[in-house]
file coords-v2.txt (compact mmCIF, C-alpha atoms)
# COMPACT_ATOMS: atom_id res chain seq x y z
CA MET Q 1464 25.54 23.42 7.17
CA THR Q 1465 28.93 23.36 5.49
CA MET Q 1466 29.41 20.87 2.71
CA GLN Q 1467 32.35 18.52 2.89
CA THR Q 1468 34.40 18.12 -0.24
CA GLN Q 1469 33.30 15.12 -2.22
CA SER Q 1470 35.86 12.38 -2.22
CA SER Q 1471 36.14 10.31 -5.35
CA SER Q 1472 38.05 7.36 -3.93
CA GLY Q 1473 36.20 4.25 -2.71
CA PRO Q 1474 37.30 4.13 0.96
CA GLY Q 1475 36.84 7.92 1.27
CA ARG Q 1476 33.29 7.67 0.00
CA ARG Q 1477 32.66 4.71 2.32
CA GLY Q 1478 33.89 6.83 5.22
CA GLU Q 1479 31.61 9.68 4.17
CA ALA Q 1480 28.66 7.32 3.84
CA TRP Q 1481 29.37 5.91 7.32
CA GLU Q 1482 29.58 9.45 8.76
CA ALA Q 1483 26.30 10.40 7.05
CA PHE Q 1484 24.62 7.28 8.45
CA ARG Q 1485 26.00 7.81 11.96
CA ALA Q 1486 24.91 11.46 12.03
CA GLY Q 1487 21.29 10.42 11.47
CA ILE Q 1488 21.22 8.36 14.64
CA GLY Q 1489 23.50 10.64 16.65
CA GLU Q 1490 24.45 14.28 16.38
CA ARG Q 1491 21.93 15.07 13.62
CA HIS Q 1492 19.06 12.93 14.92
CA PRO Q 1493 15.90 14.22 13.18
CA VAL Q 1494 13.75 14.26 16.31
CA PHE Q 1495 16.13 14.52 19.28
CA VAL Q 1496 18.35 17.24 17.78
CA ALA Q 1497 16.43 18.86 14.92
CA VAL Q 1498 12.99 18.31 16.58
CA LEU Q 1499 11.38 17.51 13.20
CA GLY Q 1500 8.46 15.19 12.39
CA ILE Q 1501 6.86 15.83 15.79
CA CYS Q 1502 3.29 15.65 14.46
CA SER Q 1503 3.51 12.02 13.33
CA THR Q 1504 5.81 11.14 16.25
CA LEU Q 1505 3.08 12.09 18.70
CA ALA Q 1506 0.15 10.76 16.68
CA VAL Q 1507 1.24 7.22 15.81
CA THR Q 1508 2.94 6.21 19.07
CA THR Q 1509 -0.12 4.90 20.92
CA ALA Q 1510 0.81 1.30 20.09
CA VAL Q 1511 4.07 -0.38 19.02
CA ARG Q 1512 2.62 -2.00 15.91
CA TYR Q 1513 1.36 1.35 14.55
CA ALA Q 1514 4.75 2.92 15.22
CA ALA Q 1515 6.56 -0.02 13.55
CA VAL Q 1516 4.41 0.29 10.42
CA MET Q 1517 4.97 4.06 10.31
CA ALA Q 1518 8.73 3.55 10.76
CA ALA Q 1519 8.77 1.04 7.87
CA ILE Q 1520 6.84 3.44 5.63
CA MET Q 1521 9.16 6.33 6.51
CA THR Q 1522 12.25 4.18 5.86
CA ALA Q 1523 11.03 2.98 2.46
CA THR Q 1524 9.95 6.49 1.42
CA LEU Q 1525 13.20 8.10 2.56
CA LEU Q 1526 15.34 5.52 0.77
CA VAL Q 1527 13.41 5.64 -2.52
CA SER Q 1528 13.14 9.45 -2.52
CA ALA Q 1529 16.79 9.99 -1.58
CA LEU Q 1530 17.99 7.57 -4.27
CA THR Q 1531 15.77 9.11 -6.97
CA VAL Q 1532 16.68 12.71 -6.13
CA SER Q 1533 20.36 11.84 -5.89
CA LEU Q 1534 20.30 10.17 -9.32
CA LEU Q 1535 18.46 13.16 -10.85
CA ARG Q 1536 20.33 15.84 -8.87
CA LYS Q 1537 22.20 17.26 -11.87
CA ARG Q 1538 19.00 17.62 -13.90
CA ILE Q 1539 16.61 19.00 -11.26
CA PRO Q 1540 16.07 22.73 -12.00
CA PRO Q 1541 16.74 24.78 -8.83
CA ALA Q 1542 13.65 26.92 -9.45
CA TYR Q 1543 11.37 23.85 -9.47
CA ARG Q 1544 13.20 21.71 -6.94
CA ILE Q 1545 10.51 21.69 -4.23
CA ILE Q 1546 7.74 20.60 -6.62
CA THR Q 1547 10.12 17.95 -7.99
CA TYR Q 1548 10.84 16.65 -4.48
CA LEU Q 1549 7.11 16.52 -3.72
CA LEU Q 1550 6.48 14.50 -6.89
CA VAL Q 1551 9.30 12.08 -6.06
CA ILE Q 1552 8.18 11.66 -2.43
CA SER Q 1553 4.45 11.35 -3.12
CA THR Q 1554 4.86 8.43 -5.55
CA PRO Q 1555 6.18 5.85 -3.02
CA VAL Q 1556 3.92 7.23 -0.29
CA ILE Q 1557 0.75 6.73 -2.37
CA LEU Q 1558 1.86 3.22 -3.36
CA LEU Q 1559 2.72 2.30 0.24
CA GLN Q 1560 -0.61 3.69 1.44
CA LYS Q 1561 -2.48 1.49 -1.07
CA LEU Q 1562 -0.36 -1.51 -0.06
CA LEU Q 1563 -1.13 -0.90 3.63
CA GLN Q 1564 -4.87 -0.61 2.92
CA LEU Q 1565 -4.69 -3.94 1.14
CA TRP Q 1566 -2.48 -5.68 3.71
CA SER Q 1567 -4.09 -4.38 6.92
CA PRO Q 1568 -7.16 -2.14 6.59
CA GLU Q 1569 -7.34 -1.96 10.40
CA ILE Q 1570 -3.84 -0.47 10.79
CA ALA Q 1571 -4.45 1.81 7.77
CA ALA Q 1572 -7.61 3.14 9.43
CA SER Q 1573 -5.82 3.57 12.78
CA LEU Q 1574 -2.94 5.53 11.24
CA GLY Q 1575 -5.54 7.74 9.57
CA PRO Q 1576 -4.14 10.62 7.52
CA TYR Q 1577 -0.59 10.29 8.88
CA VAL Q 1578 0.56 7.88 6.16
CA GLY Q 1579 -0.47 10.35 3.45
CA LEU Q 1580 1.08 13.21 5.40
CA VAL Q 1581 4.50 11.55 5.08
CA ILE Q 1582 4.62 13.45 1.75
CA THR Q 1583 5.07 16.71 3.67
CA ASN Q 1584 7.20 15.27 6.46
CA CYS Q 1585 10.01 17.72 7.30
CA ILE Q 1586 12.50 14.89 7.93
CA ILE Q 1587 12.22 13.64 4.34
CA MET Q 1588 12.22 17.12 2.79
CA GLY Q 1589 15.12 18.11 5.05
CA ARG Q 1590 17.33 15.14 4.21
CA ILE Q 1591 16.61 15.47 0.48
CA GLU Q 1592 17.37 19.19 0.43
CA ALA Q 1593 20.45 18.90 2.67
CA CYS Q 1594 22.00 15.71 1.32
CA ALA Q 1595 20.33 13.77 -1.52
CA ALA Q 1596 20.12 16.81 -3.81
CA LEU Q 1597 23.88 17.40 -3.44
CA ARG Q 1598 25.57 14.06 -2.89
CA PRO Q 1599 26.03 10.82 -4.87
CA PRO Q 1600 23.53 7.94 -4.35
CA ALA Q 1601 25.64 5.90 -1.88
CA ILE Q 1602 26.00 8.80 0.53
CA ALA Q 1603 22.39 9.91 0.02
CA LEU Q 1604 21.18 6.37 0.81
CA ALA Q 1605 23.38 6.09 3.92
CA ASP Q 1606 22.16 9.48 5.13
CA ALA Q 1607 18.51 8.54 4.46
CA PHE Q 1608 18.91 5.19 6.22
CA GLY Q 1609 20.52 6.85 9.24
CA ALA Q 1610 17.70 9.41 9.53
CA ALA Q 1611 15.04 6.69 9.05
CA LEU Q 1612 16.69 4.46 11.65
CA GLY Q 1613 16.93 7.36 14.10
CA TYR Q 1614 13.26 8.25 13.59
CA GLY Q 1615 12.09 4.61 13.61
CA THR Q 1616 13.88 3.58 16.79
CA LEU Q 1617 12.61 6.68 18.56
CA ILE Q 1618 8.93 6.24 17.65
CA ILE Q 1619 9.01 2.51 18.43
CA SER Q 1620 10.62 3.16 21.85
CA LEU Q 1621 8.16 5.97 22.55
CA ALA Q 1622 5.25 3.74 21.53
CA ALA Q 1623 6.54 0.94 23.78
CA VAL Q 1624 6.57 3.29 26.79
CA ARG Q 1625 3.14 4.76 25.98
CA GLU Q 1626 1.52 1.39 25.28
CA LEU Q 1627 2.99 -0.25 28.37
CA LEU Q 1628 2.18 2.59 30.79
CA GLY Q 1629 -1.11 3.45 29.16
CA THR Q 1630 -2.61 0.01 28.76
CA GLY Q 1631 -0.31 -2.42 30.58
CA HIS Q 1632 0.10 -4.27 27.26
CA LEU Q 1633 2.89 -4.57 24.72
CA PHE Q 1634 2.20 -5.80 21.17
CA GLY Q 1635 -1.33 -6.45 22.46
CA MET Q 1636 -0.09 -8.88 25.15
CA ALA Q 1637 -0.54 -8.23 28.88
CA CYS Q 1638 2.86 -7.42 30.42
CA LEU Q 1639 1.91 -5.87 33.75
CA PRO Q 1640 -0.14 -7.38 36.62
CA GLU Q 1641 -3.90 -7.44 36.10
CA ASP Q 1642 -4.48 -4.93 38.92
CA TYR Q 1643 -2.16 -2.39 37.21
CA PRO Q 1644 -4.06 0.93 37.14
CA SER Q 1645 -3.72 1.93 33.45
CA CYS Q 1646 -2.35 5.44 33.05
CA GLY Q 1647 -4.70 6.76 30.35
CA PHE Q 1648 -2.98 10.17 30.41
CA VAL Q 1649 0.09 8.69 28.67
CA GLN Q 1650 -2.12 7.58 25.76
CA ARG Q 1651 -3.51 11.08 25.26
CA PRO Q 1652 -1.77 13.87 23.25
CA ALA Q 1653 -0.63 15.73 26.39
CA GLY Q 1654 0.95 12.51 27.70
CA ALA Q 1655 2.68 12.02 24.35
CA PHE Q 1656 4.20 15.50 24.60
CA LEU Q 1657 5.40 14.81 28.14
CA VAL Q 1658 6.96 11.42 27.30
CA LEU Q 1659 8.66 12.88 24.20
CA ALA Q 1660 9.97 15.90 26.12
CA LEU Q 1661 11.38 13.67 28.87
CA THR Q 1662 13.00 11.39 26.25
CA ILE Q 1663 14.60 14.35 24.45
CA ALA Q 1664 15.81 15.77 27.79
CA CYS Q 1665 17.35 12.38 28.73
CA PHE Q 1666 19.03 12.07 25.31
CA ARG Q 1667 20.50 15.56 25.46
CA TRP Q 1668 21.69 15.09 29.06
CA LEU Q 1669 23.34 11.78 28.09
CA ARG Q 1670 24.96 13.37 25.03
CA GLY Q 1671 26.24 16.28 27.13
CA ALA Q 1672 27.60 13.93 29.79
CA LEU Q 1673 29.38 11.78 27.17
CA SER Q 1674 30.94 14.75 25.38
CA SER Q 1675 32.14 16.33 28.65
CA GLU Q 1676 33.64 12.97 29.65
CA LYS Q 1677 35.46 12.81 26.30
CA GLY Q 1678 36.63 16.41 26.75
CA GLY Q 1679 37.92 15.61 30.27
CA ARG Q 1680 39.88 12.60 29.02
CA SER Q 1681 41.53 14.51 26.19
CA MET O 489 15.25 27.74 -24.13
CA LYS O 490 16.62 26.72 -20.73
CA ALA O 491 13.31 27.59 -19.08
CA PHE O 492 11.45 25.34 -21.56
CA ARG O 493 13.88 22.49 -20.87
CA GLU O 494 13.36 22.90 -17.12
CA ILE O 495 9.57 22.96 -17.43
CA GLY O 496 9.77 19.98 -19.79
CA PHE O 497 11.78 18.03 -17.22
CA VAL O 498 9.21 18.70 -14.49
CA LEU O 499 6.33 17.77 -16.83
CA VAL O 500 7.99 14.51 -17.87
CA LEU O 501 8.71 13.64 -14.23
CA ALA O 502 5.09 14.46 -13.30
CA ALA O 503 3.84 12.22 -16.12
CA VAL O 504 6.09 9.33 -15.00
CA CYS O 505 5.01 9.71 -11.35
CA THR O 506 1.33 9.86 -12.38
CA LEU O 507 1.74 6.70 -14.46
CA VAL O 508 3.43 4.85 -11.59
CA MET O 509 0.77 5.99 -9.09
CA SER O 510 -2.11 5.09 -11.44
CA GLY O 511 -0.55 1.68 -12.13
CA GLY O 512 -0.19 1.11 -8.39
CA GLU O 513 -3.78 2.18 -7.80
CA VAL O 514 -5.02 -0.41 -10.31
CA MET O 515 -2.68 -3.20 -9.18
CA LEU O 516 -3.24 -2.66 -5.45
CA ARG O 517 -7.03 -2.46 -5.62
CA PRO O 518 -8.67 -4.81 -3.07
CA PRO O 519 -9.82 -8.08 -4.67
CA PRO O 520 -13.54 -8.31 -5.38
CA GLY O 521 -15.40 -10.00 -2.58
CA VAL O 522 -17.70 -9.33 0.29
CA SER O 523 -16.23 -7.06 2.94
CA ALA O 524 -16.92 -7.37 6.66
CA GLU O 525 -18.64 -3.95 6.61
CA PHE O 526 -20.95 -5.12 3.81
CA MET O 527 -21.89 -8.25 5.76
CA MET O 528 -22.49 -6.24 8.95
CA ARG O 529 -24.76 -3.79 7.09
CA ALA O 530 -26.66 -6.61 5.37
CA LEU O 531 -27.19 -8.50 8.63
CA ALA O 532 -28.35 -5.32 10.37
CA LEU O 533 -30.88 -4.80 7.56
CA ALA O 534 -32.09 -8.38 7.96
CA GLY O 535 -32.47 -7.82 11.70
CA VAL O 536 -29.80 -10.36 12.61
CA SER O 537 -27.72 -9.17 15.55
CA VAL O 538 -23.99 -9.86 15.36
CA ASP O 539 -21.21 -8.90 17.67
CA MET O 540 -18.95 -6.22 16.10
CA ALA O 541 -15.93 -8.21 17.25
CA SER O 542 -17.13 -11.45 15.63
CA ALA O 543 -14.44 -13.53 14.01
CA SER O 544 -14.51 -13.13 10.22
CA ASP O 545 -15.40 -16.81 9.62
CA ARG O 546 -18.33 -16.58 12.08
CA LEU O 547 -19.53 -13.39 10.43
CA ALA O 548 -19.28 -14.97 6.98
CA ALA O 549 -21.22 -18.04 8.18
CA THR O 550 -24.01 -15.85 9.63
CA PHE O 551 -24.10 -13.83 6.39
CA GLN O 552 -24.34 -16.99 4.25
CA ALA O 553 -27.17 -18.28 6.44
CA SER O 554 -29.19 -15.11 5.78
CA PHE O 555 -28.18 -14.24 2.21
CA ALA O 556 -27.45 -16.25 -0.92
CA PRO O 557 -25.74 -15.25 -4.16
CA VAL O 558 -28.28 -14.79 -6.95
CA PRO O 559 -28.16 -17.94 -9.10
CA SER O 560 -26.61 -17.46 -12.55
CA ARG O 561 -25.00 -14.19 -11.39
CA THR O 562 -21.31 -13.96 -10.59
CA ASP O 563 -21.07 -10.22 -9.99
CA GLY O 564 -21.55 -10.18 -6.21
CA VAL O 565 -25.34 -9.68 -6.08
CA TYR O 566 -26.99 -11.30 -3.06
CA ARG O 567 -30.62 -12.11 -2.24
CA ALA O 568 -32.10 -12.32 1.28
CA ARG O 569 -33.18 -15.90 1.97
CA ARG O 570 -36.29 -14.89 3.93
CA ARG O 571 -37.22 -11.92 1.67
CA PRO O 572 -36.22 -13.06 -1.84
CA TRP O 573 -37.23 -9.71 -3.39
CA LEU O 574 -34.48 -7.95 -1.39
CA LEU O 575 -31.28 -7.69 -3.47
CA LEU O 576 -27.96 -6.34 -2.24
CA CYS O 577 -24.58 -5.50 -3.69
CA GLU O 578 -21.43 -3.54 -2.96
CA GLN O 579 -20.51 -0.86 -5.50
CA GLU O 580 -17.34 1.21 -5.82
CA GLY O 581 -16.65 4.37 -7.81
CA ASN O 582 -14.72 7.61 -7.90
CA GLY O 583 -15.37 10.32 -5.33
CA MET O 584 -13.77 13.75 -5.20
CA TRP O 585 -10.40 12.59 -3.82
CA GLY O 586 -10.55 8.81 -3.81
CA ARG O 587 -12.75 5.76 -4.15
CA ILE O 588 -16.17 5.56 -2.49
CA ARG O 589 -17.60 2.13 -1.60
CA LEU O 590 -21.34 1.76 -1.05
CA PHE O 591 -23.69 -0.84 0.36
CA VAL O 592 -26.89 -0.81 -1.70
CA ALA O 593 -30.09 -2.78 -0.93
CA TYR O 594 -32.95 -2.76 -3.46
CA ASP O 595 -36.53 -3.93 -3.05
CA ALA O 596 -37.14 -5.50 -6.47
CA GLU O 597 -40.88 -5.95 -5.81
CA ALA O 598 -41.61 -2.32 -4.93
CA GLY O 599 -38.91 -0.90 -7.21
CA ARG O 600 -37.53 1.12 -4.29
CA LEU O 601 -34.15 1.57 -2.67
CA GLU O 602 -34.33 -0.23 0.68
CA ASP O 603 -31.06 0.97 2.20
CA LEU O 604 -27.82 2.70 1.28
CA GLY O 605 -24.66 2.99 3.34
CA VAL O 606 -21.21 4.44 2.76
CA ILE O 607 -18.69 1.70 3.60
CA ALA O 608 -15.49 3.54 2.66
CA GLN O 609 -14.64 7.03 1.48
CA SER O 610 -11.77 9.54 1.59
CA GLU O 611 -13.58 12.80 0.92
CA THR O 612 -12.78 16.27 2.32
CA PRO O 613 -12.90 16.12 6.14
CA GLY O 614 -15.83 18.13 7.49
CA LEU O 615 -17.49 18.55 4.08
CA GLY O 616 -17.47 15.52 1.78
CA THR O 617 -17.12 13.11 4.71
CA ARG O 618 -20.69 14.06 5.68
CA ILE O 619 -21.89 11.61 3.01
CA ALA O 620 -21.18 8.86 5.58
CA GLU O 621 -23.51 10.46 8.15
CA PRO O 622 -26.84 8.65 8.74
CA GLU O 623 -28.68 11.92 8.01
CA PHE O 624 -27.50 11.77 4.37
CA GLU O 625 -27.70 7.98 4.02
CA ASN O 626 -31.34 8.08 5.22
CA ARG O 627 -32.27 10.37 2.31
CA PHE O 628 -32.04 7.32 0.02
CA ASP O 629 -34.30 5.04 2.07
CA GLY O 630 -37.49 4.21 0.21
CA LEU O 631 -36.59 6.22 -2.92
CA ALA O 632 -38.34 5.15 -6.12
CA ALA O 633 -35.48 3.67 -8.08
CA SER O 634 -37.06 2.16 -11.16
CA ALA O 635 -36.07 5.16 -13.30
CA GLY O 636 -32.63 5.67 -11.72
CA LEU O 637 -31.37 8.26 -9.24
CA ARG O 638 -30.29 11.88 -9.67
CA LEU O 639 -29.46 14.95 -7.58
CA ALA O 640 -32.40 17.29 -7.01
CA THR O 641 -32.06 20.75 -8.50
CA GLY O 642 -34.92 22.13 -6.41
CA THR O 643 -37.17 20.56 -3.81
CA PRO O 644 -36.55 16.80 -4.09
CA ARG O 645 -39.41 14.60 -5.26
CA PRO O 646 -38.81 11.10 -3.82
CA ASP O 647 -41.13 9.42 -6.34
CA THR O 648 -38.78 10.44 -9.15
CA GLY O 649 -35.59 9.22 -7.46
CA GLU O 650 -34.30 12.69 -6.61
CA VAL O 651 -31.88 13.21 -3.71
CA GLN O 652 -31.06 16.49 -1.96
CA ALA O 653 -27.28 17.15 -1.85
CA ILE O 654 -25.44 18.35 1.26
CA THR O 655 -24.47 22.04 1.09
CA GLY O 656 -20.70 22.26 0.55
CA ALA O 657 -20.42 18.62 -0.52
CA THR O 658 -22.21 18.63 -3.88
CA ILE O 659 -19.42 16.80 -5.76
CA SER O 660 -19.24 13.99 -3.17
CA CYS O 661 -23.05 13.71 -3.09
CA ALA O 662 -23.19 13.57 -6.89
CA ALA O 663 -20.56 10.81 -6.79
CA VAL O 664 -22.65 8.80 -4.29
CA VAL O 665 -25.75 9.20 -6.47
CA LYS O 666 -23.82 8.09 -9.57
CA ILE O 667 -22.34 5.04 -7.80
CA ALA O 668 -25.74 4.11 -6.32
CA ASP O 669 -27.29 4.42 -9.78
CA GLU O 670 -24.68 2.03 -11.20
CA ALA O 671 -25.44 -0.40 -8.35
CA LEU O 672 -29.14 -0.24 -9.16
CA LYS O 673 -28.42 -1.04 -12.82
CA ARG O 674 -26.60 -4.18 -11.61
CA LEU O 675 -29.41 -5.12 -9.24
CA ARG O 676 -32.20 -4.57 -11.81
CA LYS O 677 -30.55 -6.79 -14.45

call {"tool": "encode", "arguments": {"input": "coords-v2.txt", "output": "structure tokens"}}
result
Amino acid sequence: MTMQTQSSSGPGRRGEAWEAFRAGIGERHPVFVAVLGICSTLAVTTAVRYAAVMAAIMTATLLVSALTVSLLRKRIPPAYRIITYLLVISTPVILLQKLLQLWSPEIAASLGPYVGLVITNCIIMGRIEACAALRPPAIALADAFGAALGYGTLIISLAAVRELLGTGHLFGMACLPEDYPSCGFVQRPAGAFLVLALTIACFRWLRGALSSEKGGRS
Amino acid sequence: MKAFREIGFVLVLAAVCTLVMSGGEVMLRPPPGVSAEFMMRALALAGVSVDMASASDRLAATFQASFAPVPSRTDGVYRARRRPWLLLCEQEGNGMWGRIRLFVAYDAEAGRLEDLGVIAQSETPGLGTRIAEPEFENRFDGLAASAGLRLATGTPRPDTGEVQAITGATISCAAVVKIADEALKRLRK
């Protein structure tokens, strides 16, 4: 990835921050384009509320880690950068895990080890290594928020499809007729892979169609 | 010199992160009280059947009908109403990776452990997590507890409060024994 030259002026930096944010939900989407964070994407999308909690935890962790690394970027020794990132990421994750256990032990038990595994999530490590470690805090935060929003909207949408097709419910409320034959396959890991693959295929087809339309117009 | 500065930076950062995490661990600890799992275990021991999906207020009412806090004690020790010699408490302590929470029932008349259950743990999957299996929990049933508990170094002798550890999970088993021993000290007061 080529680095853009850092602009020092206010509007230039705002433009860069906007570009960094937009890339996270578009051309550099962590799941659709980079296909990162698949493990948690598949595991926590059985119900919308689990996915929403996971999205919130990822967002908070990404923002705190990106801000901390960006502020310390000139002091972090290159030889020890990975261990430094792990330290910075694990602190909010452990605190959020404790908070979740206190707030909702049931959701904490349902998410199992996946909250703790956020520490090694490739999306966070990737955004820190590619952006936060090199750019000023405003851009690092915008980039982190874009990636978190991209990841969060995807897992919540995926969970909505899986919960609705798999159980006929959404947010625990019945949304389909009572005689709806629940599609248990969608709730299982193989079903998760299939739904994710179809979603990625749709996204890429849509992106290709939009870019070819733009190309045709110009 | 530069290498020392770099290592120093990482060490200082590690110390700060450890402090923040430890502070969070203390501040975000669940408030003392009786958990639903504790009440379910106690009611099962008393032979009272309750639906797993019972509302928390209904569960608490059933628990209060069967167990009462020991008068003059404010440390969460309960006594069975129908069997006043049966004392129960919930005890928490450090395991290998995280906190372990136990349900401990003690027969004060016979000086024996009536029941022990692991309510919460975060030990190594496949090894330490075996402490929550009934096979291990049952090793404590009926143990002579008047002189405290300890891990057996050879063939366990139940009359001396010795417990056989699980192979591959010695540290977690030792933690359970230590926590149970602390619970017994509370119950024997």

call {"tool": "closest_atom_pairs", "arguments": {"input": "coords-v2.txt", "of": "stretch 1474-1526 of chain Q", "to": "stretch 1606-1618 of chain Q", "cutoff": "8 Å", "atoms": "all atoms listed in the file", "output": "JSON lines"}}
result
{"residue": "Q:Ala1480", "atom": "CA", "partner": "Q:Asp1606", "partner_atom": "CA", "distance": 7.0}
{"residue": "Q:Ala1483", "atom": "CA", "partner": "Q:Asp1606", "partner_atom": "CA", "distance": 4.7}
{"residue": "Q:Phe1484", "atom": "CA", "partner": "Q:Gly1609", "partner_atom": "CA", "distance": 4.2}
{"residue": "Q:Arg1485", "atom": "CA", "partner": "Q:Gly1609", "partner_atom": "CA", "distance": 6.2}
{"residue": "Q:Ala1486", "atom": "CA", "partner": "Q:Gly1609", "partner_atom": "CA", "distance": 7.0}
{"residue": "Q:Gly1487", "atom": "CA", "partner": "Q:Ala1610", "partner_atom": "CA", "distance": 4.2}
{"residue": "Q:Ile1488", "atom": "CA", "partner": "Q:Gly1613", "partner_atom": "CA", "distance": 4.4}
{"residue": "Q:Gly1489", "atom": "CA", "partner": "Q:Gly1613", "partner_atom": "CA", "distance": 7.8}
{"residue": "Q:His1492", "atom": "CA", "partner": "Q:Gly1613", "partner_atom": "CA", "distance": 6.0}
{"residue": "Q:Pro1493", "atom": "CA", "partner": "Q:Ala1610", "partner_atom": "CA", "distance": 6.3}
{"residue": "Q:Val1494", "atom": "CA", "partner": "Q:Tyr1614", "partner_atom": "CA", "distance": 6.6}
{"residue": "Q:Thr1504", "atom": "CA", "partner": "Q:Ile1618", "partner_atom": "CA", "distance": 6.0}
{"residue": "Q:Val1507", "atom": "CA", "partner": "Q:Ile1618", "partner_atom": "CA", "distance": 8.0}
{"residue": "Q:Thr1508", "atom": "CA", "partner": "Q:Ile1618", "partner_atom": "CA", "distance": 6.2}
{"residue": "Q:Ala1514", "atom": "CA", "partner": "Q:Ile1618", "partner_atom": "CA", "distance": 5.9}
{"residue": "Q:Ala1515", "atom": "CA", "partner": "Q:Gly1615", "partner_atom": "CA", "distance": 7.2}
{"residue": "Q:Met1517", "atom": "CA", "partner": "Q:Gly1615", "partner_atom": "CA", "distance": 7.9}
{"residue": "Q:Ala1518", "atom": "CA", "partner": "Q:Gly1615", "partner_atom": "CA", "distance": 4.5}
{"residue": "Q:Ala1519", "atom": "CA", "partner": "Q:Gly1615", "partner_atom": "CA", "distance": 7.5}
{"residue": "Q:Met1521", "atom": "CA", "partner": "Q:Ala1611", "partner_atom": "CA", "distance": 6.4}
{"residue": "Q:Thr1522", "atom": "CA", "partner": "Q:Ala1611", "partner_atom": "CA", "distance": 4.9}
{"residue": "Q:Leu1525", "atom": "CA", "partner": "Q:Ala1607", "partner_atom": "CA", "distance": 5.7}
{"residue": "Q:Leu1526", "atom": "CA", "partner": "Q:Ala1607", "partner_atom": "CA", "distance": 5.7}

call {"tool": "residues_around", "arguments": {"input": "coords-v2.txt", "residues": "O:Val536", "least_positions_apart": "3", "cutoff": "9 Å", "atoms": "all atoms listed in the file", "output": "list in words"}}
result
Ala530, Leu531, Ala532, Leu533, Thr550 and Ser554 of chain O

call {"tool": "residues_around", "arguments": {"input": "coords-v2.txt", "residues": "Q:Val1624", "least_positions_apart": "2", "cutoff": "12 Å", "atoms": "all atoms listed in the file", "output": "PyMOL selection string"}}
result
chain Q and resi 1508-1511+1514+1617-1622+1626-1634+1638+1646+1649-1650+1654-1655+1657-1659+1661-1662

call {"tool": "atom_distance", "arguments": {"input": "coords-v2.txt", "atom1": "atom CA of Q:Tyr1543", "atom2": "atom CA of Q:Glu1482"}}
result
29.5 Å

call {"tool": "closest_residue", "arguments": {"input": "coords-v2.txt", "among": "Q:Ser1573, Q:Ser1533, Q:Thr1524, Q:Asn1584", "to": "Q:Val1556", "atoms": "all atoms listed in the file"}}
result
Q:Thr1524

call {"tool": "interface_residues", "arguments": {"input": "coords-v2.txt", "of": "chain Q", "to": "chain O", "cutoff": "9 Å", "atoms": "only C-alpha atoms", "output": "VMD selection string"}}
result
chain Q and resid 1538 to 1540 1542 to 1543 1546 to 1547 1550 to 1551 1553 to 1555 1557 to 1558 1561 to 1562 1564 to 1565

call {"tool": "residues_around", "arguments": {"input": "coords-v2.txt", "residues": "O:Arg618", "least_positions_apart": "6", "cutoff": "9 Å", "atoms": "only C-alpha atoms", "output": "PDB file with C-alpha atoms, in the coordinates of the input"}}
result
ATOM      1  CA  GLU O 611     -13.580  12.800   0.920  1.00  0.00           C
ATOM      2  CA  THR O 612     -12.780  16.270   2.320  1.00  0.00           C
ATOM      3  CA  PHE O 624     -27.500  11.770   4.370  1.00  0.00           C
ATOM      4  CA  ILE O 654     -25.440  18.350   1.260  1.00  0.00           C
ATOM      5  CA  ALA O 657     -20.420  18.620  -0.520  1.00  0.00           C
ATOM      6  CA  SER O 660     -19.240  13.990  -3.170  1.00  0.00           C
TER       7      SER O 660
END

call {"tool": "residues_near_point", "arguments": {"input": "coords-v2.txt", "point": "(-18.7, 12.1, -6.7)", "cutoff": "12 Å", "atoms": "all atoms listed in the file", "output": "JSON, numbers by chain"}}
result
{"O": [580, 581, 582, 583, 584, 585, 586, 587, 588, 589, 609, 610, 611, 612, 616, 617, 619, 638, 639, 653, 657, 658, 659, 660, 661, 662, 663, 664, 665, 666, 667, 668, 669]}

call {"tool": "write_last_selection", "arguments": {"input": "coords-v2.txt", "atoms": "C-alpha atoms", "output": "CSV table (one decimal), in the frame of the given file"}}
result
chain,number,residue,atom,x,y,z
O,580,GLU,CA,-17.3,1.2,-5.8
O,581,GLY,CA,-16.6,4.4,-7.8
O,582,ASN,CA,-14.7,7.6,-7.9
O,583,GLY,CA,-15.4,10.3,-5.3
O,584,MET,CA,-13.8,13.8,-5.2
O,585,TRP,CA,-10.4,12.6,-3.8
O,586,GLY,CA,-10.6,8.8,-3.8
O,587,ARG,CA,-12.8,5.8,-4.2
O,588,ILE,CA,-16.2,5.6,-2.5
O,589,ARG,CA,-17.6,2.1,-1.6
O,609,GLN,CA,-14.6,7.0,1.5
O,610,SER,CA,-11.8,9.5,1.6
O,611,GLU,CA,-13.6,12.8,0.9
O,612,THR,CA,-12.8,16.3,2.3
O,616,GLY,CA,-17.5,15.5,1.8
O,617,THR,CA,-17.1,13.1,4.7
O,619,ILE,CA,-21.9,11.6,3.0
O,638,ARG,CA,-30.3,11.9,-9.7
O,639,LEU,CA,-29.5,15.0,-7.6
O,653,ALA,CA,-27.3,17.2,-1.8
O,657,ALA,CA,-20.4,18.6,-0.5
O,658,THR,CA,-22.2,18.6,-3.9
O,659,ILE,CA,-19.4,16.8,-5.8
O,660,SER,CA,-19.2,14.0,-3.2
O,661,CYS,CA,-23.0,13.7,-3.1
O,662,ALA,CA,-23.2,13.6,-6.9
O,663,ALA,CA,-20.6,10.8,-6.8
O,664,VAL,CA,-22.6,8.8,-4.3
O,665,VAL,CA,-25.8,9.2,-6.5
O,666,LYS,CA,-23.8,8.1,-9.6
O,667,ILE,CA,-22.3,5.0,-7.8
O,668,ALA,CA,-25.7,4.1,-6.3
O,669,ASP,CA,-27.3,4.4,-9.8
